[in-house]
Amino acid sequence: MLKQSNLTVNAAGHLAIGGADALDLAAQYGTPLYVLDEDMVRARMALFAAGMARWFPAGSRPLYASKALCCKALCAWAGEEGLGLDVVSAGELHTALAAGADPESLCFHGNAKTADAIRRAIDAGVGLIVADGTEELERIDRLARQAGVRQKVLLRVTPGIDPHTFKAVNTGVVDVKFGVPIPTGQALEAAKLALGLENAVLEGFHCHIGSQVFRSGPFRMEAEVMASFLDQVRRQTGYTARVLDLGGGFAVAYTPSDPQPDLEGMLRDTGRHLTELFTGMGYPAPAILMEPGRSIVADAGVTLYTVQNVKSVPGGSTYVALDGGMTDNPRYALYGAKYSAAVADRAAMPEDTAVTLAGCCCESGDLIGENIPLQAPRTGDTVAVFVTGAYNYSMASNYNRVPRPPIAAVRGGTGRLIVRRETVDDLIMYDL
Ligand SMILES: *Cc1c(COP(=O)(O)O)cnc(C)c1O
């Protein structure tokens, strides 16, 4: 079983999540069920807030990238633990506002924002809008003028860093749909354009190098590229940035073979490096924003399923068919994501059977994973799939008209629903 302090085996031999018996949760709320350890999410949020307050320049703070798991409860927890929020659509914005988020703490992103979404963000009074390029800068400027406000913006740039080879690469990684490339000189030109706008007020710059960053090296390199870009902008235009947003991407261990990232150490190293860089340049250090998403929620999440049947193909695989699948977790189908799992009924028993966890949709590719070691599963067992807190519920679909599962939050060993189960009536609600 995945080694995580909040995953234990209780006296009955059942898996417990944050102290709550997985079988009790499944019986109470039904399956499939997303379980989220609220204590763990809050502790992770607090770790980022404290780490950035301690190691980063004054005014720095984390923003929770709500796309990882967006519902009203998560938005409220982020505010309570001292985090701002990243929102990327009118829907995420609406959720944050409905949760009572302080609009000033919101940062509105997206590479193809509609005029309607930008207008909503401006009307709501969001603290920052991240412009993805020059056209969008001008559009935000025009819409802010119409609304009679001066809207703070960041310009998204692409620094040209590959977080996995940990290299600055001038081509390739800048050939993406997001942001204005620094290496081509376009970012500097866009900054000059931004500085000429009246109603879009340039606060600084934003970048995001990717996901699953396990060590501070890529973030430190990102800080170096961005600091020298800020310096270049200052030399050419006299403009000093007040905010530098370095994006998200802190890694998560999905399976027992992944290393556990040292989040605190990464924050310490990155924060110290930033402070040294700006001091060394004689540049007043901007407030740093970072946008952790998966590292806040992924490993706090477990999905519970009920085994519907087990089939062994001689010389082939053992298929364990679940009452959910790609509709609640599309990550294997999308990118071959790896998961580990356990039979919650016999969590302490040896995981002596390698199985294929199969979903219930009419697609042979609807799998949660292959070659997953399990405690010889039987029909009726509850299977727990670990580290499903991020990009599962938020990416869920109604393919085959499968209703989306609810989310039960566990706090102090007790569960409560924070998102209810979709019903088959919900599914025909929009049909005319
Ligand atoms: C996806 C994304 C994040 C969050 O990434 P994680 O890997 O979940 O931390 C943060 N910022 C931006 C701009 C993103 O696109």
# chains A, B, ... in the order shown; residues from 1 in each chain; ligands from 1

call {"tool": "residues_around", "arguments": {"residues": "range 292-305 of chain A", "least_positions_apart": "3", "cutoff": "8 Å", "atoms": "only C-alpha atoms", "output": "JSON list (two decimals) with N, CA and C atoms, in the first residue's frame"}}
result
[["chain", "number", "residue", "atom", "x", "y", "z"],
["A", 22, "ALA", "N", -12.67, 3.35, 5.33],
["A", 22, "ALA", "CA", -13.07, 3.49, 3.92],
["A", 22, "ALA", "C", -14.38, 2.76, 3.63],
["A", 26, "ALA", "N", -17.81, 4.32, 2.14],
["A", 26, "ALA", "CA", -18.45, 3.77, 0.95],
["A", 26, "ALA", "C", -19.90, 3.40, 1.24],
["A", 31, "THR", "N", -20.64, 4.31, -3.84],
["A", 31, "THR", "CA", -19.45, 4.37, -4.71],
["A", 31, "THR", "C", -19.93, 4.58, -6.14],
["A", 32, "PRO", "N", -19.11, 5.06, -7.04],
["A", 32, "PRO", "CA", -17.78, 5.58, -6.75],
["A", 32, "PRO", "C", -17.87, 6.82, -5.87],
["A", 33, "LEU", "N", -16.80, 7.02, -5.10],
["A", 33, "LEU", "CA", -16.77, 8.13, -4.15],
["A", 33, "LEU", "C", -15.37, 8.73, -4.13],
["A", 34, "TYR", "N", -15.31, 10.03, -4.29],
["A", 34, "TYR", "CA", -14.04, 10.72, -4.05],
["A", 34, "TYR", "C", -13.97, 11.04, -2.56],
["A", 35, "VAL", "N", -12.86, 10.63, -1.92],
["A", 35, "VAL", "CA", -12.63, 10.98, -0.51],
["A", 35, "VAL", "C", -11.46, 11.95, -0.49],
["A", 36, "LEU", "N", -11.62, 13.02, 0.25],
["A", 36, "LEU", "CA", -10.56, 14.03, 0.33],
["A", 36, "LEU", "C", -10.24, 14.27, 1.80],
["A", 37, "ASP", "N", -8.96, 14.08, 2.16],
["A", 37, "ASP", "CA", -8.53, 14.30, 3.53],
["A", 37, "ASP", "C", -8.36, 15.81, 3.75],
["A", 38, "GLU", "N", -9.38, 16.41, 4.34],
["A", 38, "GLU", "CA", -9.38, 17.87, 4.50],
["A", 38, "GLU", "C", -8.23, 18.35, 5.38],
["A", 40, "MET", "N", -5.34, 17.08, 5.61],
["A", 40, "MET", "CA", -4.10, 17.05, 4.82],
["A", 40, "MET", "C", -4.07, 18.23, 3.82],
["A", 41, "VAL", "N", -5.19, 18.51, 3.19],
["A", 41, "VAL", "CA", -5.24, 19.63, 2.25],
["A", 41, "VAL", "C", -4.92, 20.93, 2.98],
["A", 44, "ARG", "N", -1.28, 21.19, 3.87],
["A", 44, "ARG", "CA", -0.47, 21.48, 2.69],
["A", 44, "ARG", "C", -0.59, 22.94, 2.30],
["A", 45, "MET", "N", -1.81, 23.47, 2.36],
["A", 45, "MET", "CA", -2.01, 24.90, 2.07],
["A", 45, "MET", "C", -1.19, 25.74, 3.06],
["A", 62, "PRO", "N", 1.23, 32.16, -1.93],
["A", 62, "PRO", "CA", 0.78, 31.16, -2.89],
["A", 62, "PRO", "C", -0.66, 31.41, -3.32],
["A", 63, "LEU", "N", -0.94, 31.04, -4.56],
["A", 63, "LEU", "CA", -2.31, 31.02, -5.06],
["A", 63, "LEU", "C", -2.62, 29.55, -5.34],
["A", 64, "TYR", "N", -3.73, 29.06, -4.88],
["A", 64, "TYR", "CA", -4.11, 27.68, -5.20],
["A", 64, "TYR", "C", -4.66, 27.65, -6.62],
["A", 65, "ALA", "N", -4.03, 26.82, -7.49],
["A", 65, "ALA", "CA", -4.49, 26.67, -8.87],
["A", 65, "ALA", "C", -5.76, 25.82, -8.84],
["A", 66, "SER", "N", -6.90, 26.47, -8.85],
["A", 66, "SER", "CA", -8.16, 25.78, -8.54],
["A", 66, "SER", "C", -8.54, 24.75, -9.59],
["A", 67, "LYS", "N", -7.93, 24.84, -10.78],
["A", 67, "LYS", "CA", -8.26, 23.85, -11.80],
["A", 67, "LYS", "C", -7.97, 22.41, -11.32],
["A", 68, "ALA", "N", -7.04, 22.25, -10.38],
["A", 68, "ALA", "CA", -6.71, 20.90, -9.89],
["A", 68, "ALA", "C", -7.93, 20.24, -9.24],
["A", 69, "LEU", "N", -8.69, 21.03, -8.50],
["A", 69, "LEU", "CA", -9.95, 20.54, -7.89],
["A", 69, "LEU", "C", -10.72, 21.77, -7.47],
["A", 247, "GLY", "N", 4.25, 30.63, -11.31],
["A", 247, "GLY", "CA", 3.42, 29.49, -11.70],
["A", 247, "GLY", "C", 3.45, 28.35, -10.71],
["A", 248, "GLY", "N", 2.96, 27.20, -11.15],
["A", 248, "GLY", "CA", 2.87, 26.03, -10.27],
["A", 248, "GLY", "C", 3.80, 24.93, -10.75],
["A", 249, "GLY", "N", 3.45, 23.69, -10.43],
["A", 249, "GLY", "CA", 4.21, 22.56, -10.94],
["A", 249, "GLY", "C", 4.91, 21.73, -9.89],
["A", 250, "PHE", "N", 4.74, 22.04, -8.59],
["A", 250, "PHE", "CA", 5.35, 21.22, -7.55],
["A", 250, "PHE", "C", 4.85, 19.79, -7.68],
["A", 251, "ALA", "N", 5.78, 18.85, -7.59],
["A", 251, "ALA", "CA", 5.46, 17.45, -7.92],
["A", 251, "ALA", "C", 4.73, 16.72, -6.80],
["A", 252, "VAL", "N", 4.15, 15.60, -7.18],
["A", 252, "VAL", "CA", 3.43, 14.72, -6.28],
["A", 252, "VAL", "C", 3.91, 13.28, -6.56],
["A", 253, "ALA", "N", 4.06, 12.47, -5.51],
["A", 253, "ALA", "CA", 4.41, 11.06, -5.70],
["A", 253, "ALA", "C", 3.11, 10.30, -5.93],
["A", 254, "TYR", "N", 2.95, 9.71, -7.10],
["A", 254, "TYR", "CA", 1.72, 8.99, -7.43],
["A", 254, "TYR", "C", 1.77, 7.52, -7.05],
["A", 322, "LEU", "N", -14.82, -1.98, -12.41],
["A", 322, "LEU", "CA", -15.25, -1.06, -11.34],
["A", 322, "LEU", "C", -16.51, -0.32, -11.76],
["A", 323, "ASP", "N", -17.18, 0.27, -10.77],
["A", 323, "ASP", "CA", -18.40, 1.03, -11.07],
["A", 323, "ASP", "C", -18.11, 2.48, -11.46],
["A", 324, "GLY", "N", -16.86, 2.78, -11.79],
["A", 324, "GLY", "CA", -16.48, 4.10, -12.31],
["A", 324, "GLY", "C", -15.42, 3.90, -13.35],
["A", 382, "THR", "N", -14.36, -3.29, -2.01],
["A", 382, "THR", "CA", -14.16, -1.85, -2.24],
["A", 382, "THR", "C", -12.70, -1.64, -2.61],
["A", 383, "VAL", "N", -12.47, -1.09, -3.79],
["A", 383, "VAL", "CA", -11.10, -0.81, -4.22],
["A", 383, "VAL", "C", -10.83, 0.68, -4.04],
["A", 384, "ALA", "N", -9.69, 0.98, -3.40],
["A", 384, "ALA", "CA", -9.27, 2.37, -3.20],
["A", 384, "ALA", "C", -8.14, 2.68, -4.18],
["A", 385, "VAL", "N", -8.31, 3.71, -4.98],
["A", 385, "VAL", "CA", -7.25, 4.18, -5.86],
["A", 385, "VAL", "C", -6.69, 5.45, -5.24],
["A", 386, "PHE", "N", -5.35, 5.47, -5.05],
["A", 386, "PHE", "CA", -4.72, 6.55, -4.28],
["A", 386, "PHE", "C", -4.30, 7.74, -5.16],
["A", 387, "VAL", "N", -4.12, 8.86, -4.50],
["A", 387, "VAL", "CA", -3.59, 10.09, -5.11],
["A", 387, "VAL", "C", -4.47, 10.57, -6.28],
["A", 388, "THR", "N", -5.76, 10.63, -6.03],
["A", 388, "THR", "CA", -6.70, 11.04, -7.07],
["A", 388, "THR", "C", -7.33, 12.41, -6.78],
["A", 389, "GLY", "N", -6.72, 13.17, -5.86],
["A", 389, "GLY", "CA", -7.34, 14.45, -5.48],
["A", 389, "GLY", "C", -7.26, 15.52, -6.55],
["A", 390, "ALA", "N", -6.24, 15.43, -7.44],
["A", 390, "ALA", "CA", -6.06, 16.48, -8.45],
["A", 390, "ALA", "C", -6.43, 15.96, -9.84],
["A", 391, "TYR", "N", -7.05, 16.81, -10.62],
["A", 391, "TYR", "CA", -7.36, 16.51, -12.03],
["A", 391, "TYR", "C", -8.16, 15.22, -12.19]]

call {"tool": "residues_around", "arguments": {"residues": "range 398-405 of chain A", "least_positions_apart": "6", "cutoff": "7 Å", "atoms": "only C-alpha atoms", "output": "PDB file with C-alpha atoms, in the first residue's frame"}}
result
ATOM      1  CA  PRO A  32     -17.783   5.581  -6.753  1.00  0.00           C
ATOM      2  CA  LEU A  33     -16.770   8.126  -4.146  1.00  0.00           C
ATOM      3  CA  TYR A  34     -14.037  10.724  -4.051  1.00  0.00           C
ATOM      4  CA  THR A 327     -15.601   9.325 -16.355  1.00  0.00           C
ATOM      5  CA  ASP A 328     -14.300  10.109 -12.847  1.00  0.00           C
ATOM      6  CA  CYS A 361     -17.526   2.801 -20.122  1.00  0.00           C
ATOM      7  CA  ARG A 421     -23.633  12.859  -6.160  1.00  0.00           C
ATOM      8  CA  GLU A 422     -25.054  13.724  -9.548  1.00  0.00           C
ATOM      9  CA  THR A 423     -28.338  11.967 -10.253  1.00  0.00           C
ATOM     10  CA  VAL A 424     -29.680  10.619 -13.527  1.00  0.00           C
ATOM     11  CA  LEU A 427     -28.171  14.425 -16.513  1.00  0.00           C
TER      12      LEU A 427
END

call {"tool": "atom_distance", "arguments": {"atom1": "CA of Leu155 in chain A", "atom2": "CA of Asp141 in chain A"}}
result
12.6 Å

call {"tool": "select_by_dssp", "arguments": {"residues": "range 96-283 of chain A", "states": "alpha helix (DSSP H)", "output": "ChimeraX atom specification"}}
result
/A:96-98,115-124,134-147,186-195,217-237,263-281

call {"tool": "residues_around", "arguments": {"residues": "Ala147 in chain A", "least_positions_apart": "5", "cutoff": "9 Å", "atoms": "only C-alpha atoms", "output": "PyMOL selection string"}}
result
chain A and resi 119+122-123+142

call {"tool": "write_last_selection", "arguments": {"atoms": "all heavy atoms", "output": "mmCIF file, in the first residue's frame"}}
result
data_model
loop_
_atom_site.group_PDB
_atom_site.id
_atom_site.type_symbol
_atom_site.label_atom_id
_atom_site.label_comp_id
_atom_site.auth_asym_id
_atom_site.auth_seq_id
_atom_site.Cartn_x
_atom_site.Cartn_y
_atom_site.Cartn_z
ATOM 1 N N ARG A 119 -14.869 40.499 -18.964
ATOM 2 C CA ARG A 119 -15.798 41.483 -18.397
ATOM 3 C C ARG A 119 -16.248 41.059 -16.993
ATOM 4 O O ARG A 119 -16.268 41.858 -16.066
ATOM 5 C CB ARG A 119 -17.018 41.620 -19.315
ATOM 6 C CG ARG A 119 -17.303 43.052 -19.721
ATOM 7 C CD ARG A 119 -18.501 43.126 -20.656
ATOM 8 N NE ARG A 119 -18.107 43.253 -22.047
ATOM 9 C CZ ARG A 119 -18.405 42.401 -23.021
ATOM 10 N NH1 ARG A 119 -19.134 41.319 -22.777
ATOM 11 N NH2 ARG A 119 -17.994 42.608 -24.250
ATOM 12 N N ILE A 122 -13.415 41.615 -14.555
ATOM 13 C CA ILE A 122 -13.242 43.039 -14.242
ATOM 14 C C ILE A 122 -14.369 43.507 -13.320
ATOM 15 O O ILE A 122 -14.126 44.168 -12.305
ATOM 16 C CB ILE A 122 -13.211 43.875 -15.544
ATOM 17 C CG1 ILE A 122 -11.916 43.589 -16.323
ATOM 18 C CG2 ILE A 122 -13.351 45.371 -15.245
ATOM 19 C CD1 ILE A 122 -11.861 44.207 -17.710
ATOM 20 N N ASP A 123 -15.602 43.120 -13.648
ATOM 21 C CA ASP A 123 -16.746 43.550 -12.831
ATOM 22 C C ASP A 123 -16.670 42.992 -11.420
ATOM 23 O O ASP A 123 -17.105 43.633 -10.464
ATOM 24 C CB ASP A 123 -18.071 43.129 -13.495
ATOM 25 C CG ASP A 123 -18.338 43.920 -14.773
ATOM 26 O OD1 ASP A 123 -17.665 44.952 -14.978
ATOM 27 O OD2 ASP A 123 -19.204 43.498 -15.570
ATOM 28 N N ARG A 142 -9.255 47.708 -23.291
ATOM 29 C CA ARG A 142 -10.505 48.274 -23.844
ATOM 30 C C ARG A 142 -11.693 47.965 -22.918
ATOM 31 O O ARG A 142 -12.490 48.856 -22.609
ATOM 32 C CB ARG A 142 -10.745 47.675 -25.237
ATOM 33 C CG ARG A 142 -11.860 48.355 -26.021
ATOM 34 C CD ARG A 142 -11.928 47.866 -27.463
ATOM 35 N NE ARG A 142 -12.271 46.453 -27.565
ATOM 36 C CZ ARG A 142 -11.458 45.488 -27.985
ATOM 37 N NH1 ARG A 142 -10.226 45.769 -28.366
ATOM 38 N NH2 ARG A 142 -11.868 44.237 -28.039
#
